[in-house]
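target_16.txt (compact mmCIF, C-alpha atoms)
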# COMPACT_ATOMS: atom_id res chain seq x y z
CA MET Y 12 -127.61 -6.69 -112.46
CA ALA Y 13 -126.74 -9.00 -115.35
CA PRO Y 14 -123.04 -9.85 -115.73
CA PRO Y 15 -121.31 -7.94 -118.52
CA ARG Y 16 -120.54 -9.49 -121.90
CA HIS Y 17 -116.85 -9.82 -122.73
CA PHE Y 18 -114.96 -10.35 -125.98
CA LEU Y 19 -111.96 -12.47 -124.99
CA GLN Y 20 -112.08 -14.94 -127.89
CA LEU Y 21 -113.90 -14.79 -131.21
CA LYS Y 22 -116.10 -17.71 -130.16
CA ASP Y 23 -117.46 -15.65 -127.25
CA PHE Y 24 -119.95 -14.32 -129.84
CA SER Y 25 -122.41 -16.36 -131.88
CA ARG Y 26 -122.48 -16.28 -135.67
CA GLU Y 27 -125.60 -14.11 -135.52
CA GLU Y 28 -123.94 -11.64 -133.15
CA LEU Y 29 -120.81 -11.43 -135.31
CA ASP Y 30 -122.94 -10.86 -138.42
CA HIS Y 31 -124.67 -8.03 -136.56
CA VAL Y 32 -121.29 -6.50 -135.64
CA PHE Y 33 -120.26 -6.67 -139.32
CA GLU Y 34 -123.48 -4.94 -140.40
CA ARG Y 35 -122.90 -2.23 -137.78
CA THR Y 36 -119.29 -1.91 -138.96
CA ARG Y 37 -120.55 -1.22 -142.48
CA SER Y 38 -123.02 1.40 -141.24
CA ILE Y 39 -120.58 3.11 -138.86
CA LYS Y 40 -117.85 3.19 -141.52
CA ALA Y 41 -120.26 4.73 -144.05
CA ARG Y 42 -121.14 7.50 -141.59
CA PHE Y 43 -117.45 8.11 -140.91
CA LYS Y 44 -116.71 8.40 -144.64
CA ALA Y 45 -119.63 10.83 -145.06
CA TYR Y 46 -118.38 13.01 -142.16
CA GLN Y 47 -121.57 12.37 -140.20
CA ARG Y 48 -121.22 12.73 -136.45
CA TYR Y 49 -122.32 9.63 -134.55
CA TRP Y 50 -121.92 9.78 -130.77
CA PRO Y 51 -123.81 6.83 -129.23
CA LEU Y 52 -121.14 6.45 -126.52
CA GLN Y 53 -121.13 10.07 -125.38
CA ASP Y 54 -119.78 10.38 -121.81
CA ARG Y 55 -118.60 6.74 -121.82
CA THR Y 56 -114.98 5.98 -120.88
CA LEU Y 57 -112.72 3.31 -122.32
CA VAL Y 58 -109.64 2.26 -120.35
CA MET Y 59 -106.86 0.73 -122.47
CA ILE Y 60 -104.31 -1.38 -120.59
CA PHE Y 61 -101.11 -2.23 -122.46
CA GLU Y 62 -98.49 -4.72 -121.40
CA LYS Y 63 -97.29 -5.17 -125.00
CA ALA Y 64 -96.25 -2.48 -127.49
CA SER Y 65 -98.85 -1.31 -129.99
CA THR Y 66 -99.51 1.05 -132.89
CA ARG Y 67 -102.75 -0.06 -134.59
CA THR Y 68 -104.49 -1.38 -131.47
CA ARG Y 69 -103.97 1.79 -129.45
CA LEU Y 70 -104.74 4.15 -132.31
CA SER Y 71 -107.85 2.29 -133.48
CA PHE Y 72 -109.37 2.00 -130.00
CA GLU Y 73 -108.48 5.51 -128.87
CA ALA Y 74 -109.60 7.21 -132.09
CA GLY Y 75 -112.62 4.94 -132.32
CA MET Y 76 -113.90 5.74 -128.84
CA GLN Y 77 -113.49 9.48 -129.47
CA GLN Y 78 -115.31 9.19 -132.80
CA LEU Y 79 -118.22 7.56 -130.95
CA GLY Y 80 -118.36 10.52 -128.56
CA GLY Y 81 -116.56 8.94 -125.60
CA SER Y 82 -113.10 9.23 -124.13
CA ALA Y 83 -110.17 6.83 -123.85
CA ILE Y 84 -107.55 6.54 -121.12
CA TYR Y 85 -104.20 4.87 -121.83
CA LEU Y 86 -102.55 2.82 -119.07
CA ASN Y 87 -99.22 1.05 -119.47
CA THR Y 88 -98.47 -1.57 -116.85
CA ARG Y 89 -94.98 -0.07 -116.44
CA ASP Y 90 -96.58 3.18 -115.29
CA SER Y 91 -99.30 1.74 -113.05
CA GLN Y 92 -99.60 -0.38 -109.93
CA LEU Y 93 -100.19 -3.43 -112.15
CA GLY Y 94 -96.51 -3.22 -113.00
CA ARG Y 95 -95.61 -3.21 -109.32
CA GLY Y 96 -97.38 -6.40 -108.36
CA GLU Y 97 -100.97 -5.33 -107.73
CA PRO Y 98 -103.17 -8.42 -108.21
CA VAL Y 99 -105.05 -8.46 -111.49
CA GLU Y 100 -108.27 -9.15 -109.58
CA ASP Y 101 -107.83 -6.00 -107.45
CA ALA Y 102 -107.05 -3.85 -110.47
CA ALA Y 103 -110.16 -5.15 -112.22
CA GLN Y 104 -112.37 -4.23 -109.26
CA VAL Y 105 -111.06 -0.65 -109.21
CA ILE Y 106 -110.73 0.07 -112.92
CA SER Y 107 -114.18 -1.30 -113.72
CA ARG Y 108 -115.75 1.01 -111.09
CA MET Y 109 -114.20 4.05 -112.82
CA SER Y 110 -114.89 3.23 -116.48
CA ASP Y 111 -117.49 1.78 -118.82
CA ILE Y 112 -115.40 -0.64 -120.88
CA VAL Y 113 -111.83 -2.00 -120.78
CA MET Y 114 -109.47 -3.19 -123.50
CA ILE Y 115 -106.38 -5.19 -122.49
CA ARG Y 116 -103.32 -6.13 -124.56
CA THR Y 117 -101.22 -8.57 -122.57
CA PHE Y 118 -99.37 -11.89 -122.58
CA GLU Y 119 -101.16 -15.01 -121.27
CA GLN Y 120 -104.88 -15.39 -121.96
CA GLU Y 121 -105.28 -16.32 -118.29
CA ILE Y 122 -104.47 -12.73 -117.30
CA ILE Y 123 -107.35 -11.23 -119.26
CA GLU Y 124 -109.72 -13.98 -118.11
CA ARG Y 125 -108.88 -13.27 -114.47
CA PHE Y 126 -109.44 -9.56 -115.04
CA ALA Y 127 -112.78 -10.14 -116.78
CA SER Y 128 -114.02 -12.43 -114.03
CA HIS Y 129 -113.68 -9.54 -111.53
CA SER Y 130 -114.82 -6.71 -113.83
CA ARG Y 131 -118.16 -4.93 -113.62
CA VAL Y 132 -117.86 -3.77 -117.24
CA PRO Y 133 -117.16 -5.43 -120.61
CA VAL Y 134 -113.56 -6.46 -121.30
CA ILE Y 135 -112.09 -6.72 -124.80
CA ASN Y 136 -109.06 -8.77 -125.78
CA GLY Y 137 -106.72 -6.40 -127.65
CA LEU Y 138 -104.22 -9.27 -128.14
CA THR Y 139 -102.86 -12.09 -126.01
CA ASN Y 140 -100.32 -14.80 -126.74
CA GLU Y 141 -103.18 -17.13 -127.65
CA TYR Y 142 -105.73 -14.99 -129.53
CA HIS Y 143 -106.25 -11.75 -131.46
CA PRO Y 144 -110.03 -11.60 -132.02
CA CYS Y 145 -110.22 -7.90 -132.94
CA GLN Y 146 -107.81 -8.48 -135.81
CA ILE Y 147 -109.91 -11.26 -137.27
CA LEU Y 148 -113.06 -9.16 -136.92
CA ALA Y 149 -111.40 -6.59 -139.16
CA ASP Y 150 -109.98 -9.22 -141.53
CA ILE Y 151 -113.29 -10.98 -142.14
CA PHE Y 152 -115.11 -7.67 -142.57
CA THR Y 153 -112.48 -6.64 -145.12
CA PHE Y 154 -112.96 -9.89 -147.04
CA ILE Y 155 -116.74 -9.38 -147.05
CA GLU Y 156 -116.23 -5.84 -148.39
CA LYS Y 157 -113.95 -7.05 -151.18
CA ARG Y 158 -115.29 -10.48 -152.11
CA GLY Y 159 -118.60 -11.11 -150.34
CA PRO Y 160 -119.47 -13.81 -147.78
CA ILE Y 161 -116.57 -15.87 -146.45
CA GLN Y 162 -118.64 -19.02 -145.88
CA GLY Y 163 -117.38 -21.85 -148.09
CA ARG Y 164 -114.15 -20.02 -148.98
CA THR Y 165 -110.54 -21.08 -148.35
CA VAL Y 166 -108.04 -19.10 -146.30
CA ALA Y 167 -104.34 -20.01 -146.55
CA TRP Y 168 -102.28 -19.25 -143.45
CA ILE Y 169 -98.54 -19.33 -144.19
CA GLY Y 170 -96.00 -19.16 -141.36
CA ASP Y 171 -96.14 -19.33 -137.57
CA SER Y 172 -99.19 -20.87 -135.88
CA ASN Y 173 -99.53 -17.88 -133.57
CA ASN Y 174 -102.42 -16.00 -131.94
CA VAL Y 175 -103.74 -14.68 -135.26
CA CYS Y 176 -103.66 -18.15 -136.79
CA ASN Y 177 -105.49 -19.58 -133.76
CA THR Y 178 -108.24 -17.01 -134.18
CA TRP Y 179 -108.60 -17.74 -137.91
CA LEU Y 180 -109.17 -21.38 -136.93
CA GLN Y 181 -111.93 -20.38 -134.51
CA ALA Y 182 -113.48 -18.19 -137.20
CA ALA Y 183 -113.53 -21.08 -139.66
CA GLU Y 184 -115.68 -23.12 -137.28
CA ILE Y 185 -118.07 -20.23 -136.69
CA PHE Y 186 -118.48 -19.10 -140.31
CA GLY Y 187 -118.01 -22.39 -142.15
CA PHE Y 188 -114.90 -21.88 -144.25
CA GLN Y 189 -111.62 -23.77 -144.60
CA VAL Y 190 -108.18 -22.79 -143.32
CA HIS Y 191 -105.12 -24.31 -144.96
CA VAL Y 192 -102.19 -23.94 -142.56
CA SER Y 193 -98.55 -24.42 -143.52
CA THR Y 194 -95.85 -24.01 -140.91
CA PRO Y 195 -92.24 -25.19 -140.67
CA PRO Y 196 -91.70 -28.42 -138.72
CA GLY Y 197 -91.97 -27.75 -135.00
CA TYR Y 198 -94.33 -24.79 -135.38
CA GLU Y 199 -97.54 -26.68 -136.16
CA VAL Y 200 -100.99 -25.80 -134.86
CA GLU Y 201 -101.65 -26.92 -131.29
CA ALA Y 202 -105.36 -27.73 -131.29
CA GLU Y 203 -105.86 -27.25 -127.56
CA ARG Y 204 -104.02 -23.90 -127.53
CA ALA Y 205 -106.10 -22.78 -130.49
CA GLY Y 206 -109.28 -23.72 -128.65
CA LEU Y 207 -110.17 -26.45 -131.16
CA TYR Y 208 -111.44 -29.85 -130.12
CA GLY Y 209 -112.11 -31.89 -133.23
CA THR Y 210 -112.68 -29.84 -136.37
CA ASP Y 211 -113.00 -30.47 -140.06
CA HIS Y 212 -112.46 -26.82 -141.01
CA PHE Y 213 -108.68 -26.80 -141.23
CA GLU Y 214 -105.92 -28.82 -142.84
CA GLN Y 215 -102.18 -28.69 -142.33
CA PHE Y 216 -99.74 -28.76 -145.26
CA ALA Y 217 -96.01 -29.42 -145.20
CA ASP Y 218 -95.54 -27.42 -148.42
CA PRO Y 219 -96.79 -23.80 -148.29
CA MET Y 220 -97.45 -23.86 -152.05
CA ASP Y 221 -99.95 -26.66 -151.49
CA ALA Y 222 -101.65 -24.64 -148.76
CA ALA Y 223 -101.99 -21.60 -151.03
CA ARG Y 224 -103.28 -23.56 -154.02
CA GLY Y 225 -106.83 -22.44 -154.83
CA ALA Y 226 -107.11 -20.13 -151.79
CA ASP Y 227 -109.43 -17.12 -151.81
CA LEU Y 228 -107.34 -15.33 -149.20
CA VAL Y 229 -103.63 -15.70 -148.40
CA THR Y 230 -102.43 -14.30 -145.10
CA THR Y 231 -99.39 -14.36 -142.86
CA ASP Y 232 -97.70 -12.63 -139.94
CA VAL Y 233 -94.18 -11.87 -138.79
CA TRP Y 234 -92.00 -14.90 -138.17
CA THR Y 235 -91.05 -13.69 -134.69
CA SER Y 236 -94.00 -12.51 -132.59
CA MET Y 237 -93.67 -10.32 -129.50
CA GLY Y 238 -92.22 -12.31 -126.64
CA PHE Y 239 -90.18 -14.61 -128.91
CA GLU Y 240 -87.39 -12.20 -129.83
CA ALA Y 241 -84.73 -14.51 -128.34
CA GLU Y 242 -85.62 -17.05 -131.04
CA ASN Y 243 -85.30 -14.58 -133.93
CA ASP Y 244 -82.13 -15.96 -135.57
CA GLU Y 245 -83.41 -19.53 -135.34
CA ARG Y 246 -86.79 -18.54 -136.75
CA LEU Y 247 -85.22 -16.70 -139.69
CA ARG Y 248 -83.56 -19.98 -140.67
CA ASP Y 249 -86.60 -22.18 -139.99
CA PHE Y 250 -89.07 -20.00 -141.90
CA ALA Y 251 -86.89 -19.19 -144.91
CA ASP Y 252 -89.10 -21.21 -147.31
CA TRP Y 253 -92.37 -19.79 -145.94
CA GLN Y 254 -92.30 -16.35 -147.56
CA VAL Y 255 -95.49 -15.33 -149.35
CA ASP Y 256 -94.18 -14.32 -152.78
CA ALA Y 257 -95.54 -13.84 -156.29
CA ASP Y 258 -95.31 -17.55 -157.09
CA MET Y 259 -97.39 -18.40 -154.03
CA MET Y 260 -100.03 -15.83 -154.94
CA ARG Y 261 -100.19 -17.28 -158.45
CA ALA Y 262 -100.98 -20.68 -156.89
CA ALA Y 263 -104.01 -19.11 -155.20
CA ARG Y 264 -107.15 -18.11 -157.07
CA ALA Y 265 -106.74 -15.33 -159.62
CA ASP Y 266 -108.94 -13.03 -157.50
CA ALA Y 267 -107.34 -13.98 -154.16
CA VAL Y 268 -106.52 -11.18 -151.74
CA PHE Y 269 -103.47 -10.88 -149.50
CA MET Y 270 -103.72 -9.82 -145.85
CA HIS Y 271 -101.22 -9.11 -143.09
CA CYS Y 272 -102.03 -7.79 -139.61
CA LEU Y 273 -98.91 -5.56 -139.67
CA PRO Y 274 -96.23 -4.51 -138.95
CA ALA Y 275 -94.66 -6.38 -141.87
CA HIS Y 276 -91.06 -7.25 -142.66
CA ARG Y 277 -90.69 -7.07 -146.44
CA GLY Y 278 -88.27 -9.70 -147.65
CA GLU Y 279 -89.03 -12.01 -144.71
CA GLU Y 280 -92.60 -13.33 -144.33
CA VAL Y 281 -93.82 -11.45 -147.42
CA ALA Y 282 -92.21 -10.18 -150.60
CA ALA Y 283 -92.50 -6.45 -151.26
CA ALA Y 284 -94.11 -7.20 -154.62
CA VAL Y 285 -96.98 -8.95 -152.82
CA ILE Y 286 -97.73 -6.59 -149.94
CA ASP Y 287 -97.39 -3.56 -152.22
CA GLY Y 288 -99.13 -5.27 -155.14
CA ALA Y 289 -102.62 -5.21 -156.61
CA GLN Y 290 -103.93 -8.18 -154.59
CA SER Y 291 -102.93 -6.70 -151.23
CA VAL Y 292 -105.71 -5.22 -149.08
CA VAL Y 293 -103.57 -4.58 -146.01
CA TRP Y 294 -104.32 -0.85 -145.77
CA ASP Y 295 -108.09 -1.36 -145.91
CA GLU Y 296 -107.61 -4.19 -143.42
CA ALA Y 297 -105.72 -1.88 -141.06
CA GLU Y 298 -108.33 0.87 -141.33
CA ASN Y 299 -111.12 -1.59 -140.67
CA ARG Y 300 -109.70 -2.29 -137.21
CA LEU Y 301 -111.04 1.18 -136.38
CA HIS Y 302 -114.56 0.62 -137.67
CA ALA Y 303 -114.97 -3.00 -136.52
CA GLN Y 304 -113.91 -2.09 -132.99
CA LYS Y 305 -116.33 0.83 -132.91
CA ALA Y 306 -119.13 -1.60 -133.78
CA LEU Y 307 -117.83 -4.03 -131.15
CA MET Y 308 -117.82 -1.38 -128.39
CA GLU Y 309 -121.29 -0.21 -129.42
CA PHE Y 310 -122.59 -3.78 -129.17
CA LEU Y 311 -120.97 -4.51 -125.81
CA LEU Y 312 -122.27 -1.27 -124.26
CA LEU Y 313 -125.64 -0.80 -125.96
CA GLY Y 314 -126.62 -4.22 -127.28
CA ARG Y 315 -128.24 -4.48 -130.70
CA VAL Y 316 -128.54 -1.12 -132.42
CA ASP Y 317 -130.35 -0.90 -135.75
CA ASP Y 318 -130.44 2.14 -138.00

Starting from the file, give its structure as C-alpha cells.
Amino acid sequence: MAPPRHFLQLKDFSREELDHVFERTRSIKARFKAYQRYWPLQDRTLVMIFEKASTRTRLSFEAGMQQLGGSAIYLNTRDSQLGRGEPVEDAAQVISRMSDIVMIRTFEQEIIERFASHSRVPVINGLTNEYHPCQILADIFTFIEKRGPIQGRTVAWIGDSNNVCNTWLQAAEIFGFQVHVSTPPGYEVEAERAGLYGTDHFEQFADPMDAARGADLVTTDVWTSMGFEAENDERLRDFADWQVDADMMRAARADAVFMHCLPAHRGEEVAAAVIDGAQSVVWDEAENRLHAQKALMEFLLLGRVDD
C-alpha cells in the first residue's frame, strides 16, 4: 500500500497540484452556491484534533466534510488521552485506523510531523506555530477570484513574521511572486524557521510604508499570536507603527486588496476603515477556507478529480 499524502506545509504540493486544488475549489464552490449536492466523500470520516482554540478552522473543516457527504469528529487534547501523556505516535496509530483523514491544529510543527509519520491516512496541518498552509490556500484562491493570477504580483506583509507570514514566503517561491515584509526590530523573518534557504522572492523593509508601496495585496495578522499572550503589552508598544491604515493602503496600488486571516483587532494591527472598507476581501477570504479545504480533502482522499 502506498504511503498517504500529507499537507503539513504548502510546499508539500507542487505548483501543478496546487493549481488543480484551486480549480477544484472553484468548481466545488460553484456547486455549493447553486445548491447542488456533491457527496464524493460519502461514508468517509474526518478526525479534527485541536490543541489550540479555533473558530474558522473547526467550522470550515466540520461543515466542509459534511457538505462533501462525510462526517467529522472533534477531539480536543484536553478531553482525550493525548492530553494525559499518550505518545503522539501511539495516538496516530489508533486514530488513523478508525478514520479516513485527520486534521491537527497544534503548537510545534514537530508534533504534526511525528503524527503523520505514524498515520495510515492523510494528515492536514490546521495550524502550527510555524505554518498555516490552509489559510494561504484560501488567500491565494481569493486573490485569483478577485484579481487573476498571483504570479508576478507583490504581496505586502505588515507586522509579525509568524506562521502565516512564513507560509506566504513559501507560496512566493512556488507561484513566483514577491513578498515585501515589514516587521518591528526583533521580529524579522527567520529564514530557516520559514523553510527558506536562499530566495529572491522576498524583501524586508524597515518602514512598513515602503513595504506597502505598489503592492497588489496588503495583509497582516494580530500582533500577539496564540502562545505569546505573555508578551502582549510589550508587543503593543513594539508594533504601534505597524498598523495597516488608510495611508498605507493609498501607498499600495489603487486596486490593491486587503486580507486578514481573522480574528482581527480593529485599532491595533488594522484600522476599522480598512478592514470594513471597499478594498477589504476578508469575508470572502474567510468563506474560501471552507471551499479550499473541501478541494484539499477531495484531492488527498481521491486524487485528481475532473468534472

#### Entry: Residue nearest Asn177 in chain Y - candidates Y:Ala251, Y:Ala262, Y:Leu86, Y:Leu21, atoms counted: only C-alpha atoms
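Nearest to Asn177 in chain Y: Y:Leu21.
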
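Nearest to Ile115 in chain Y of all the residues Y:Glu100, Y:Val58, Y:Asn299, Y:Ala167 is Y:Val58, counting all atoms listed in the file.
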
### Message
Could you list, as a PyMOL selection string, every residue within 12 Å of Ser38 in chain Y, counting all atoms listed in the file and ignoring same-chain residues fewer than 4 positions away?
### Response
chain Y and resi 31-34+42-45+47+49+302-303+305-306+316-318

Restricting it to C-alpha atoms, dump the selection as an mmCIF file, in the frame of the given file.
data_model
loop_
_atom_site.group_PDB
_atom_site.id
_atom_site.type_symbol
_atom_site.label_atom_id
_atom_site.label_comp_id
_atom_site.auth_asym_id
_atom_site.auth_seq_id
_atom_site.Cartn_x
_atom_site.Cartn_y
_atom_site.Cartn_z
ATOM 1 C CA HIS Y 31 -124.670 -8.030 -136.560
ATOM 2 C CA VAL Y 32 -121.290 -6.500 -135.640
ATOM 3 C CA PHE Y 33 -120.260 -6.670 -139.320
ATOM 4 C CA GLU Y 34 -123.480 -4.940 -140.400
ATOM 5 C CA ARG Y 42 -121.140 7.500 -141.590
ATOM 6 C CA PHE Y 43 -117.450 8.110 -140.910
ATOM 7 C CA LYS Y 44 -116.710 8.400 -144.640
ATOM 8 C CA ALA Y 45 -119.630 10.830 -145.060
ATOM 9 C CA GLN Y 47 -121.570 12.370 -140.200
ATOM 10 C CA TYR Y 49 -122.320 9.630 -134.550
ATOM 11 C CA HIS Y 302 -114.560 0.620 -137.670
ATOM 12 C CA ALA Y 303 -114.970 -3.000 -136.520
ATOM 13 C CA LYS Y 305 -116.330 0.830 -132.910
ATOM 14 C CA ALA Y 306 -119.130 -1.600 -133.780
ATOM 15 C CA VAL Y 316 -128.540 -1.120 -132.420
ATOM 16 C CA ASP Y 317 -130.350 -0.900 -135.750
ATOM 17 C CA ASP Y 318 -130.440 2.140 -138.000
#

### Residue neighbourhood range 144-152 of chain Y, 10 Å, only C-alpha atoms, exclusion window fewer than 5 positions, as number ranges by chain
Y: 18-23, 29-30, 32-34, 36-37, 67-68, 135-139, 157-161, 174-179, 181-182, 186, 230, 270-272, 292-293, 295-304, 307

How would the residues just picked look written out with C-alpha atoms as a PDB file, keeping the file's coordinate frame?
ATOM      1  CA  PHE Y  18    -114.960 -10.350-125.980  1.00  0.00           C
ATOM      2  CA  LEU Y  19    -111.960 -12.470-124.990  1.00  0.00           C
ATOM      3  CA  GLN Y  20    -112.080 -14.940-127.890  1.00  0.00           C
ATOM      4  CA  LEU Y  21    -113.900 -14.790-131.210  1.00  0.00           C
ATOM      5  CA  LYS Y  22    -116.100 -17.710-130.160  1.00  0.00           C
ATOM      6  CA  ASP Y  23    -117.460 -15.650-127.250  1.00  0.00           C
ATOM      7  CA  LEU Y  29    -120.810 -11.430-135.310  1.00  0.00           C
ATOM      8  CA  ASP Y  30    -122.940 -10.860-138.420  1.00  0.00           C
ATOM      9  CA  VAL Y  32    -121.290  -6.500-135.640  1.00  0.00           C
ATOM     10  CA  PHE Y  33    -120.260  -6.670-139.320  1.00  0.00           C
ATOM     11  CA  GLU Y  34    -123.480  -4.940-140.400  1.00  0.00           C
ATOM     12  CA  THR Y  36    -119.290  -1.910-138.960  1.00  0.00           C
ATOM     13  CA  ARG Y  37    -120.550  -1.220-142.480  1.00  0.00           C
ATOM     14  CA  ARG Y  67    -102.750  -0.060-134.590  1.00  0.00           C
ATOM     15  CA  THR Y  68    -104.490  -1.380-131.470  1.00  0.00           C
ATOM     16  CA  ILE Y 135    -112.090  -6.720-124.800  1.00  0.00           C
ATOM     17  CA  ASN Y 136    -109.060  -8.770-125.780  1.00  0.00           C
ATOM     18  CA  GLY Y 137    -106.720  -6.400-127.650  1.00  0.00           C
ATOM     19  CA  LEU Y 138    -104.220  -9.270-128.140  1.00  0.00           C
ATOM     20  CA  THR Y 139    -102.860 -12.090-126.010  1.00  0.00           C
ATOM     21  CA  LYS Y 157    -113.950  -7.050-151.180  1.00  0.00           C
ATOM     22  CA  ARG Y 158    -115.290 -10.480-152.110  1.00  0.00           C
ATOM     23  CA  GLY Y 159    -118.600 -11.110-150.340  1.00  0.00           C
ATOM     24  CA  PRO Y 160    -119.470 -13.810-147.780  1.00  0.00           C
ATOM     25  CA  ILE Y 161    -116.570 -15.870-146.450  1.00  0.00           C
ATOM     26  CA  ASN Y 174    -102.420 -16.000-131.940  1.00  0.00           C
ATOM     27  CA  VAL Y 175    -103.740 -14.680-135.260  1.00  0.00           C
ATOM     28  CA  CYS Y 176    -103.660 -18.150-136.790  1.00  0.00           C
ATOM     29  CA  ASN Y 177    -105.490 -19.580-133.760  1.00  0.00           C
ATOM     30  CA  THR Y 178    -108.240 -17.010-134.180  1.00  0.00           C
ATOM     31  CA  TRP Y 179    -108.600 -17.740-137.910  1.00  0.00           C
ATOM     32  CA  GLN Y 181    -111.930 -20.380-134.510  1.00  0.00           C
ATOM     33  CA  ALA Y 182    -113.480 -18.190-137.200  1.00  0.00           C
ATOM     34  CA  PHE Y 186    -118.480 -19.100-140.310  1.00  0.00           C
ATOM     35  CA  THR Y 230    -102.430 -14.300-145.100  1.00  0.00           C
ATOM     36  CA  MET Y 270    -103.720  -9.820-145.850  1.00  0.00           C
ATOM     37  CA  HIS Y 271    -101.220  -9.110-143.090  1.00  0.00           C
ATOM     38  CA  CYS Y 272    -102.030  -7.790-139.610  1.00  0.00           C
ATOM     39  CA  VAL Y 292    -105.710  -5.220-149.080  1.00  0.00           C
ATOM     40  CA  VAL Y 293    -103.570  -4.580-146.010  1.00  0.00           C
ATOM     41  CA  ASP Y 295    -108.090  -1.360-145.910  1.00  0.00           C
ATOM     42  CA  GLU Y 296    -107.610  -4.190-143.420  1.00  0.00           C
ATOM     43  CA  ALA Y 297    -105.720  -1.880-141.060  1.00  0.00           C
ATOM     44  CA  GLU Y 298    -108.330   0.870-141.330  1.00  0.00           C
ATOM     45  CA  ASN Y 299    -111.120  -1.590-140.670  1.00  0.00           C
ATOM     46  CA  ARG Y 300    -109.700  -2.290-137.210  1.00  0.00           C
ATOM     47  CA  LEU Y 301    -111.040   1.180-136.380  1.00  0.00           C
ATOM     48  CA  HIS Y 302    -114.560   0.620-137.670  1.00  0.00           C
ATOM     49  CA  ALA Y 303    -114.970  -3.000-136.520  1.00  0.00           C
ATOM     50  CA  GLN Y 304    -113.910  -2.090-132.990  1.00  0.00           C
ATOM     51  CA  LEU Y 307    -117.830  -4.030-131.150  1.00  0.00           C
TER      52      LEU Y 307
END

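Distance annotation: of Y:Pro14, Y:Gly288, Y:Gly206, Y:Pro98, the residue with the minimal separation from Gln120 in chain Y is Y:Gly206; atom set is all atoms listed in the file.
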
### Message
At a cut-off of 10 Å, using only C-alpha atoms, what residues contact Asp252 in chain Y? Leave out same-chain residues fewer than 5 positions from it and give the result as a list in words.
### Response
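These residues fall inside the cut-off: Gly170, Thr194, Pro195, Asp218, Pro219, Met220, Leu247, Glu279 and Glu280 of chain Y.
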
Go ahead and dump the residues you just picked, C-alpha atoms, as a short mmCIF file (atom, residue, chain, number, x, y, z; two decimals), keeping the file's coordinate frame.
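selection35.cif was written with the following content:
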data_model
loop_
_atom_site.label_atom_id
_atom_site.label_comp_id
_atom_site.auth_asym_id
_atom_site.auth_seq_id
_atom_site.Cartn_x
_atom_site.Cartn_y
_atom_site.Cartn_z
CA GLY Y 170 -96.00 -19.16 -141.36
CA THR Y 194 -95.85 -24.01 -140.91
CA PRO Y 195 -92.24 -25.19 -140.67
CA ASP Y 218 -95.54 -27.42 -148.42
CA PRO Y 219 -96.79 -23.80 -148.29
CA MET Y 220 -97.45 -23.86 -152.05
CA LEU Y 247 -85.22 -16.70 -139.69
CA GLU Y 279 -89.03 -12.01 -144.71
CA GLU Y 280 -92.60 -13.33 -144.33
#

### Message
Quick check, in Å to one decimal: how far apart do CA of Gly81 in chain Y and CA of Asp101 in chain Y lie?
### Response
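Taking CA of Gly81 in chain Y and CA of Asp101 in chain Y, their separation equals 25.1 Å.
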
### Task
Please work out which residues fall within 9 Å of (-99.1, -21.5, -151.5), coordinates as given in the file, with all atoms listed in the file counting, and return them as an MDAnalysis selection string.
chainID Y and resid 167:169 193 218:226 229 253 255:256 258:263

### Query
Quick one: residues within 12 Å of Asp287 in chain Y, only C-alpha atoms counted, chain neighbours fewer than 3 positions away excluded, as number ranges by chain?
Y: 256-257, 268-271, 275, 277-278, 281-284, 290-294

Dump of C-alpha atoms for the selected residues, as an mmCIF file, keeping the file's coordinate frame:
data_model
loop_
_atom_site.group_PDB
_atom_site.id
_atom_site.type_symbol
_atom_site.label_atom_id
_atom_site.label_comp_id
_atom_site.auth_asym_id
_atom_site.auth_seq_id
_atom_site.Cartn_x
_atom_site.Cartn_y
_atom_site.Cartn_z
ATOM 1 C CA ASP Y 256 -94.180 -14.320 -152.780
ATOM 2 C CA ALA Y 257 -95.540 -13.840 -156.290
ATOM 3 C CA VAL Y 268 -106.520 -11.180 -151.740
ATOM 4 C CA PHE Y 269 -103.470 -10.880 -149.500
ATOM 5 C CA MET Y 270 -103.720 -9.820 -145.850
ATOM 6 C CA HIS Y 271 -101.220 -9.110 -143.090
ATOM 7 C CA ALA Y 275 -94.660 -6.380 -141.870
ATOM 8 C CA ARG Y 277 -90.690 -7.070 -146.440
ATOM 9 C CA GLY Y 278 -88.270 -9.700 -147.650
ATOM 10 C CA VAL Y 281 -93.820 -11.450 -147.420
ATOM 11 C CA ALA Y 282 -92.210 -10.180 -150.600
ATOM 12 C CA ALA Y 283 -92.500 -6.450 -151.260
ATOM 13 C CA ALA Y 284 -94.110 -7.200 -154.620
ATOM 14 C CA GLN Y 290 -103.930 -8.180 -154.590
ATOM 15 C CA SER Y 291 -102.930 -6.700 -151.230
ATOM 16 C CA VAL Y 292 -105.710 -5.220 -149.080
ATOM 17 C CA VAL Y 293 -103.570 -4.580 -146.010
ATOM 18 C CA TRP Y 294 -104.320 -0.850 -145.770
#

### Query
Restricting the calculation to all atoms listed in the file, which member of Y:Ile122, Y:Ile60, Y:Val132, Y:Ala289 is positioned closest to Ser107 in chain Y?
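Selected residue with least distance to Ser107 in chain Y: Y:Val132.
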
### Message
Between CA of Gly75 in chain Y and CA of Met308 in chain Y, what distance in Å does the model show, to one decimal?
### Response
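The value is 9.1 Å.
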
#### Entry: Distance in Å - CA of Arg16 in chain Y versus CA of Leu312 in chain Y
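Atom-to-atom, CA of Arg16 in chain Y to CA of Leu312 in chain Y, that is 8.7 Å.
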
### Task
Would you please work out which residue, of Y:Asn173, Y:Leu180, Y:His143, Y:Thr66, is nearest to Glu199 in chain Y when using only C-alpha atoms?
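Smallest separation from Glu199 in chain Y among the options: Y:Asn173.
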
#### Entry: Selection: 8 Å around Ser82 in chain Y, all atoms listed in the file, excl. self and same-chain fewer than 5 positions, as number ranges by chain
Y: 54-57, 73, 76-77
